[in-house]
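Beneath this line is the structure, given in C-alpha cells, with notes to follow.
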Amino acid sequence: MISFKVNGVARQYEGDLEKDLLSYLRNELHLTAAKDGCSGEGVCGACTVHINGKAKLACRTKIGKLQDAEIVTLEGLETFRKETLAKTMVNNGAVQCGFCTPGFIMKADSLLRSNPNPTPDEIQKGLKSNICRCTGYKKIESAILEAADHLQNNQEVDLITTTGKLGEPQIKYGAYETALGDRRFVADYFFENMGFAALKFSDYPKAKVLKIDSSDAEKLEGVWRIFTKKDVPGSNKIGLIRPDWSLMIGEGEITHYIGNVIAGVVAESEEIARKAVDLIKIEYEVLTPVTDVFEALKDENRVHEQYSNHIDTSVSKIGDSEKAFAEADFIVEHRYETQRIEHAFMEVEAAIALPVDDGIELLSESQGIYEDRRQVSEILGIDEEKVRVRLIPNGGGFGGKEDLSIQGHTALFAYLLQKPVKLVLTRQESIKVHPKRHPVFMDFKVGATKEGKLTAVKLEAYGDTGAYMSVGTKVLERVAGHATGGYFVPNVDINAKTIYTNNIPCGAMRGFGANQAVFGLESAIDEICEMAGFDRWQFRFDNALEDGLSTGTGQTVYQVGVKECLLQLKEPFYNNKYVGLAAGIKNSGVGNGMNDESDCIITIVSPEKVILKHGWTEMGQGVNTVAVQMLCEETGIDPEIIEVQIDTEAGIKTGMTTSSRATALLGNSIIDSAKEFKKDLENSTLEKLVGRTYRGRFVCDWTTKPGSGKENPIIHYSYGYAAQLVVLNDEGKIDTVYAAHDAGRIVNPIMYEGQIEGAVHMGVGYALTEDLPMKDGYLISDKYKDLGILRTTETPKIVVLPVEVADSVGAHGVKGIGEIGLVPTAGAVANALYQFDKIRRFKLPLMRK
C-alpha cells in the first residue's frame, strides 16, 4: 500500500505500482486538469503537477515512487496564484485551444516560486519542457511576466471587459474556464457504466487478412465484446469526398496502410481493452506496398484494385507559356520537395458515444460535426436524424480532424452494446492514423524579362495522398491555384497530380497546399533576382498582385493587400544584413464551384441569456469569440450574456471548419439573423423578447469550377494576403520574423496577433525541422519527441504588422487569417539562409539532421 496526499486529501493506493500518476489522477480521481498529450513520452508538459513542491510530469511518475508525497494538481493550487496566472493568460491571449494551458500554469507557478522576478530569457528557458502548438509561445511568455508582477505585489487581476464590438480585445470565449482546467475536453468526460475501447491496427501497410483470432482476447476477464467488420450493420466505407476508407478490414480483404483498423475491443477499463487487443492474433499474406509516388503513377501495383493510383490532375493553363519562356531573359528551373508533416495538435483523438432510444449521441472533437453525423449514420445504417453530434471544443485541429477517425468505431461499439463507450488514441496511434500534410514534388520553371517582370510559370506537381483520398484532390487543386503566389504572371502551365500510395493518408493541414507551392516559387524568384541583379524587395513589389490583375487560376482579384504587406516590410528589409523575403495568398472558402454557406440561430432565453447556435468547430482559432463579437456589433447586447452552442440537434447543416472561411461566413449569417433582432430591440427590451428566435443564413453560390472554361472565373470568393521577412543574426540563426498580414478587418487584435504568431511558429518549424519520414510504408518514428516541433527557446522573435484592406464579401470586410500565417514562411526562411551561406536549398525541412 502506498500513502500520499492529493490536493491535501490523504489517499491510499493498492494496485500496480508501475501505474503512472497521470492515469490515476484522471481515471480514478477524475482530476482532469492535467492532460495526456504525449502518452508517457514525457515531452509535452501537459501533465505537469507539483510533487513535494517541484514541477513534475505525472505521465512519467510511477505511483510506487510516491510514498508520503504531497501532490498538487491545478485543481488544488492556491486560489490566488491559480487565478492570477489564469487571468493573465486569458488577458494576454495566451489561451487558444487551451489544452496545454493547465500544464503551462503549473510549470509557471513552479518557476515563479523559485524565481519571483524572472527575465524573459529565464521564462523561455523555464518553459522549454512544455509544448504549445497554437500560440507560438509569445503571449504565454508575456502573460507570465505580467503574472510575476501581480504575484510579487499581491495584486489581484481583473479579466478584461469590453463592449464586445469589432476591434476590441474581447477575451476569448470560454478561455478562463479552460485555463483553470474546469472546461472539459472529450477525454475528460466520464459516464456511469461506460465501457472503454481500444483498436487493433494492421501490422503491415499492405497485406491480405487471412484470419482474425480473438479467442484469447474474449477469455480475458473484463472484456465486454470484440468487434470486426462483420459487425458493421451499414456501410463499411467512409470518406469526405470518395468513400474509399474502410472502417475495418475484414477477413479476405487487403490493408492499405499501417493505420487500418482490423478489430476493436470494449472492456470495463482501458487497460483491459488494450491487453485484449494484444491478444488478438491476425494471420496475413504479406504483400508489397507501393510507397513512391512515381512508382505509383505507373499503376502496376494498385493501392485500391478498383481505382487508379493516379486519382486526378488539377490543371491551369493561361496564355502561351512556351512562347513566354522562349522570349524570357532569365529562367530558373528546379525540383523542389516538401515533406510529410504531423499536425501535432495537443489533444489526441477521443470520442464518446451514448445510446439514445434507437439512435446514438456522439461527443466529438471533429472539425465538422454534420459530416460526422452523415458518416456515422451510414455506418450504423440509420437515418441521420437518429444521430446527434455534440461538438466539444477541441485541443487543436489544423485540418487534422476533418476526416472521420475514431468517431465511427466509437458510435458502432456503443450502438451495438447499448452502453456508453469512450475511445481515446495514444499519441503513437494518433500519429499513424490520421491524415498528414502532403509531401509534394514540384518541378518549377519560372521566367522573367530583363525589365524585371515575371512572364511565365510552369509547374508539374506530384502529391502523395497516401492510402485514402481524404481531401487530397482539393489540396493539389490549391497547389495548382496558388503556384503563382502573390504575383501576376500572364502565362501559366500548371499540372498537379494527386496519387495514391500505401503511406499514411494525407489531407487537410493549415495552408492546404499553398505553402508547398509558395516555397518553390519564392525560392525560384530569389534565384532570378540574383541571376539578373534585381532588387529582391522591388522585384516582388513590381510584380505583386493588385486590383484588376489575375491569379494563376485566371481569377481577377480585388481588395488585394499584397503590396500593402510588402510596404510594411520595406524598412526592415533594407536595414538588416541577412534577410529572406516571401509573399503569399491563401483562398478563403472552399469555392471551386461548390457552395460556401453558414446558418445561425439566436434565441432569447432571458434578459441574462442569449443562445447563439452555429455549426462551426471551435479549435482554438476563436470562432466562438468572433460569433459573440459579430452579434455584439450588430445589436449592442452585453457579450457576457451570450452562450454559444454547436450541436447537430440545431439542424443547421454546416460544412467543414476549413479554408479560412468561418469568420466571414458565420459573420454574414449573424448579420442576417440580427436584422429583425435589431429592429425588435429598437422598440422593445430583451425581457420582452424572451422566447423569440432569429435565424440567419448566408450562401456564396457564385464560384467557378477550375477548368470550366468560363470567362472571368471566380474560383474563390476571397483571398487572404501576406508577406514575411526573416532576419538572421550573425551566426545564421533566425532572430526575427516580421509578418505583415492583410486581415481585411481585424475583429479582435489580440486574437489576430495570436493566430499569426502561432502560424509563424508552425511555419518556421515546417521550414527548418519538422518531418514525419516513412520507409516502405512504415514510420521511421512514431514518437512526439521526434516531430521536430520548436520549443520556447528555439522560437524567434515575431513582429506582427497588421494590414486592413476590407473585403467586399467578408462580414464587415474580414478576410481569413487562420492559414495564411504560414504560407510565406518556408520560402522566406530558405531565402534568408541563402543570404547567409550562399547555399540553395530545394528540400524541406531545411535544417533537419
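Here, A, B, ... name the chains of the C-alpha cells in the order displayed, residue numbers run from 1 inside each chain, and ligands are numbered from 1 in the same displayed order.
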Please, which residues in segment 75-114 of chain A fall within 9 Å of segment 333-356 of chain A when counting only C-alpha atoms, and what is the closest atom pair and distance in Å to one decimal for each, ordered by chain then residue number, as CSV?
residue,atom,partner,partner_atom,distance
A:Cys97,CA,A:Met346,CA,8.8
A:Phe99,CA,A:Met346,CA,6.5
A:Cys100,CA,A:Met346,CA,6.9
Neighbouring residues of segment 106-119 of chain A were defined as those with any atom within 7 Å, considering only C-alpha atoms; residues of the same chain fewer than 3 positions away were excluded. Please report them as a VMD selection string.
chain A and resid 48 to 49 54 to 55 74 102 to 103 122 to 123 126 to 127 144 148 152
Nearby residues (only C-alpha atoms) at most 7 Å from Gly744 of chain A, same-chain spacing under 4 positions excluded, as a PyMOL selection string:
chain A and resi 804-807+813-815
Grab the residues selected above and save them as a PDB file, in the first residue's frame with C-alpha atoms.
ATOM      1  CA  GLU A 804      -6.513  46.020 -43.312  1.00  0.00           C
ATOM      2  CA  VAL A 805      -7.787  46.120 -46.898  1.00  0.00           C
ATOM      3  CA  ALA A 806     -11.503  45.489 -46.494  1.00  0.00           C
ATOM      4  CA  ASP A 807     -13.071  42.629 -48.433  1.00  0.00           C
ATOM      5  CA  GLY A 813     -14.701  43.402 -44.572  1.00  0.00           C
ATOM      6  CA  VAL A 814     -12.980  40.439 -42.880  1.00  0.00           C
ATOM      7  CA  LYS A 815     -10.625  38.054 -44.660  1.00  0.00           C
TER       8      LYS A 815
END
Counting only C-alpha atoms, figure out which residue out of A:Ser523, A:Thr228, A:Thr135, A:Asn91 gets nearest to Arg840 of chain A.
A:Ser523
Have a look at A:Val560, A:Ala58, A:Ile226, A:Cys132 and name the one nearest to Arg791 of chain A; count only C-alpha atoms.
A:Cys132
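Near Ser708 of chain A, within 12 Å and counting only C-alpha atoms, sit A:Ser314, A:Val315, A:Ser316, A:Lys317, A:Thr553, A:Gly554, A:Asn592, A:Gly593, A:Thr703, A:Thr704, A:Lys705, A:Pro706, A:Lys710, A:Glu711, A:Asn712, A:Pro713, A:Ile714, A:Ile715; same-chain residues fewer than 2 positions away were not included.
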Mind dumping the selected residues with all heavy atoms as a CSV table (one decimal), in the first residue's frame?
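Final file, selection_21.csv:
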chain,number,residue,atom,x,y,z
A,314,SER,N,-5.1,18.4,-61.4
A,314,SER,CA,-5.6,19.8,-61.4
A,314,SER,C,-4.8,20.6,-62.4
A,314,SER,O,-3.6,20.6,-62.3
A,314,SER,CB,-5.6,20.4,-60.0
A,314,SER,OG,-6.2,21.7,-60.0
A,315,VAL,N,-5.5,21.2,-63.3
A,315,VAL,CA,-4.8,21.9,-64.5
A,315,VAL,C,-5.2,23.4,-64.5
A,315,VAL,O,-6.4,23.8,-64.3
A,315,VAL,CB,-5.3,21.2,-65.8
A,315,VAL,CG1,-4.6,22.0,-67.0
A,315,VAL,CG2,-4.9,19.8,-65.8
A,316,SER,N,-4.2,24.2,-64.8
A,316,SER,CA,-4.5,25.6,-65.1
A,316,SER,C,-3.5,26.1,-66.2
A,316,SER,O,-2.3,26.0,-66.0
A,316,SER,CB,-4.2,26.5,-63.8
A,316,SER,OG,-4.5,27.9,-64.1
A,317,LYS,N,-4.1,26.5,-67.3
A,317,LYS,CA,-3.3,26.9,-68.4
A,317,LYS,C,-3.9,28.3,-68.9
A,317,LYS,O,-5.0,28.4,-69.2
A,317,LYS,CB,-3.4,25.9,-69.6
A,317,LYS,CG,-2.8,24.6,-69.3
A,317,LYS,CD,-2.8,23.6,-70.5
A,317,LYS,CE,-2.2,22.3,-70.1
A,317,LYS,NZ,-0.8,22.3,-69.7
A,553,THR,N,-5.1,31.1,-61.6
A,553,THR,CA,-6.3,30.4,-62.0
A,553,THR,C,-7.1,31.2,-63.0
A,553,THR,O,-8.1,30.7,-63.6
A,553,THR,CB,-7.2,30.1,-60.8
A,553,THR,OG1,-7.7,31.4,-60.3
A,553,THR,CG2,-6.6,29.4,-59.7
A,554,GLY,N,-6.6,32.4,-63.3
A,554,GLY,CA,-7.4,33.3,-64.2
A,554,GLY,C,-8.4,34.2,-63.5
A,554,GLY,O,-9.1,35.0,-64.2
A,592,ASN,N,-14.4,26.9,-55.8
A,592,ASN,CA,-14.2,25.9,-56.9
A,592,ASN,C,-15.6,25.3,-57.4
A,592,ASN,O,-15.7,24.1,-57.7
A,592,ASN,CB,-13.3,24.7,-56.5
A,592,ASN,CG,-11.9,25.2,-56.3
A,592,ASN,OD1,-11.1,25.3,-57.2
A,592,ASN,ND2,-11.6,25.5,-55.0
A,593,GLY,N,-16.6,26.2,-57.5
A,593,GLY,CA,-17.9,25.7,-57.9
A,593,GLY,C,-18.8,25.1,-56.8
A,593,GLY,O,-19.9,24.8,-57.1
A,703,THR,N,-19.2,30.7,-57.2
A,703,THR,CA,-17.8,30.4,-57.6
A,703,THR,C,-17.8,29.5,-58.8
A,703,THR,O,-18.8,28.9,-59.1
A,703,THR,CB,-17.0,29.8,-56.4
A,703,THR,OG1,-17.6,28.6,-56.0
A,703,THR,CG2,-16.9,30.8,-55.2
A,704,THR,N,-16.6,29.3,-59.4
A,704,THR,CA,-16.5,28.6,-60.6
A,704,THR,C,-15.6,27.4,-60.5
A,704,THR,O,-14.5,27.5,-59.8
A,704,THR,CB,-15.8,29.5,-61.7
A,704,THR,OG1,-16.5,30.8,-61.7
A,704,THR,CG2,-15.9,28.9,-63.1
A,705,LYS,N,-15.9,26.3,-61.0
A,705,LYS,CA,-15.1,25.1,-61.0
A,705,LYS,C,-13.9,25.3,-61.9
A,705,LYS,O,-14.0,25.8,-63.1
A,705,LYS,CB,-15.9,23.9,-61.5
A,705,LYS,CG,-15.1,22.6,-61.4
A,705,LYS,CD,-16.0,21.4,-61.8
A,705,LYS,CE,-15.2,20.1,-61.8
A,705,LYS,NZ,-14.6,19.7,-60.5
A,706,PRO,N,-12.7,25.0,-61.4
A,706,PRO,CA,-11.5,25.2,-62.3
A,706,PRO,C,-11.6,24.3,-63.6
A,706,PRO,O,-12.1,23.2,-63.6
A,706,PRO,CB,-10.3,24.7,-61.4
A,706,PRO,CG,-10.9,24.8,-60.0
A,706,PRO,CD,-12.3,24.5,-60.1
A,710,LYS,N,-15.1,28.9,-68.3
A,710,LYS,CA,-15.9,30.1,-68.1
A,710,LYS,C,-15.0,31.4,-68.1
A,710,LYS,O,-14.0,31.4,-67.5
A,710,LYS,CB,-16.7,30.0,-66.8
A,710,LYS,CG,-17.6,31.2,-66.5
A,710,LYS,CD,-18.4,31.0,-65.2
A,710,LYS,CE,-19.3,32.2,-65.0
A,710,LYS,NZ,-20.1,32.1,-63.7
A,711,GLU,N,-15.5,32.4,-68.8
A,711,GLU,CA,-14.8,33.6,-68.9
A,711,GLU,C,-14.9,34.3,-67.6
A,711,GLU,O,-15.9,34.3,-66.9
A,711,GLU,CB,-15.4,34.5,-70.0
A,711,GLU,CG,-14.6,35.7,-70.3
A,711,GLU,CD,-15.1,36.5,-71.5
A,711,GLU,OE1,-16.1,36.0,-72.2
A,711,GLU,OE2,-14.6,37.6,-71.8
A,712,ASN,N,-13.8,35.0,-67.2
A,712,ASN,CA,-13.7,35.7,-65.9
A,712,ASN,C,-14.2,34.8,-64.7
A,712,ASN,O,-15.1,35.1,-64.0
A,712,ASN,CB,-14.6,37.0,-65.9
A,712,ASN,CG,-14.2,37.9,-67.0
A,712,ASN,OD1,-13.0,38.1,-67.2
A,712,ASN,ND2,-15.1,38.5,-67.7
A,713,PRO,N,-13.5,33.7,-64.5
A,713,PRO,CA,-13.9,32.8,-63.4
A,713,PRO,C,-13.7,33.4,-62.0
A,713,PRO,O,-12.8,34.2,-61.8
A,713,PRO,CB,-12.9,31.6,-63.6
A,713,PRO,CG,-11.7,32.2,-64.2
A,713,PRO,CD,-12.2,33.3,-65.2
A,714,ILE,N,-14.5,33.0,-61.1
A,714,ILE,CA,-14.4,33.3,-59.7
A,714,ILE,C,-14.2,32.0,-59.0
A,714,ILE,O,-15.1,31.3,-58.6
A,714,ILE,CB,-15.6,34.1,-59.2
A,714,ILE,CG1,-15.9,35.3,-60.0
A,714,ILE,CG2,-15.4,34.4,-57.7
A,714,ILE,CD1,-17.2,36.0,-59.6
A,715,ILE,N,-12.9,31.7,-58.7
A,715,ILE,CA,-12.6,30.4,-58.1
A,715,ILE,C,-12.9,30.4,-56.6
A,715,ILE,O,-13.4,29.4,-56.1
A,715,ILE,CB,-11.1,30.0,-58.4
A,715,ILE,CG1,-10.8,30.1,-59.9
A,715,ILE,CG2,-10.8,28.6,-57.8
A,715,ILE,CD1,-11.6,29.2,-60.8
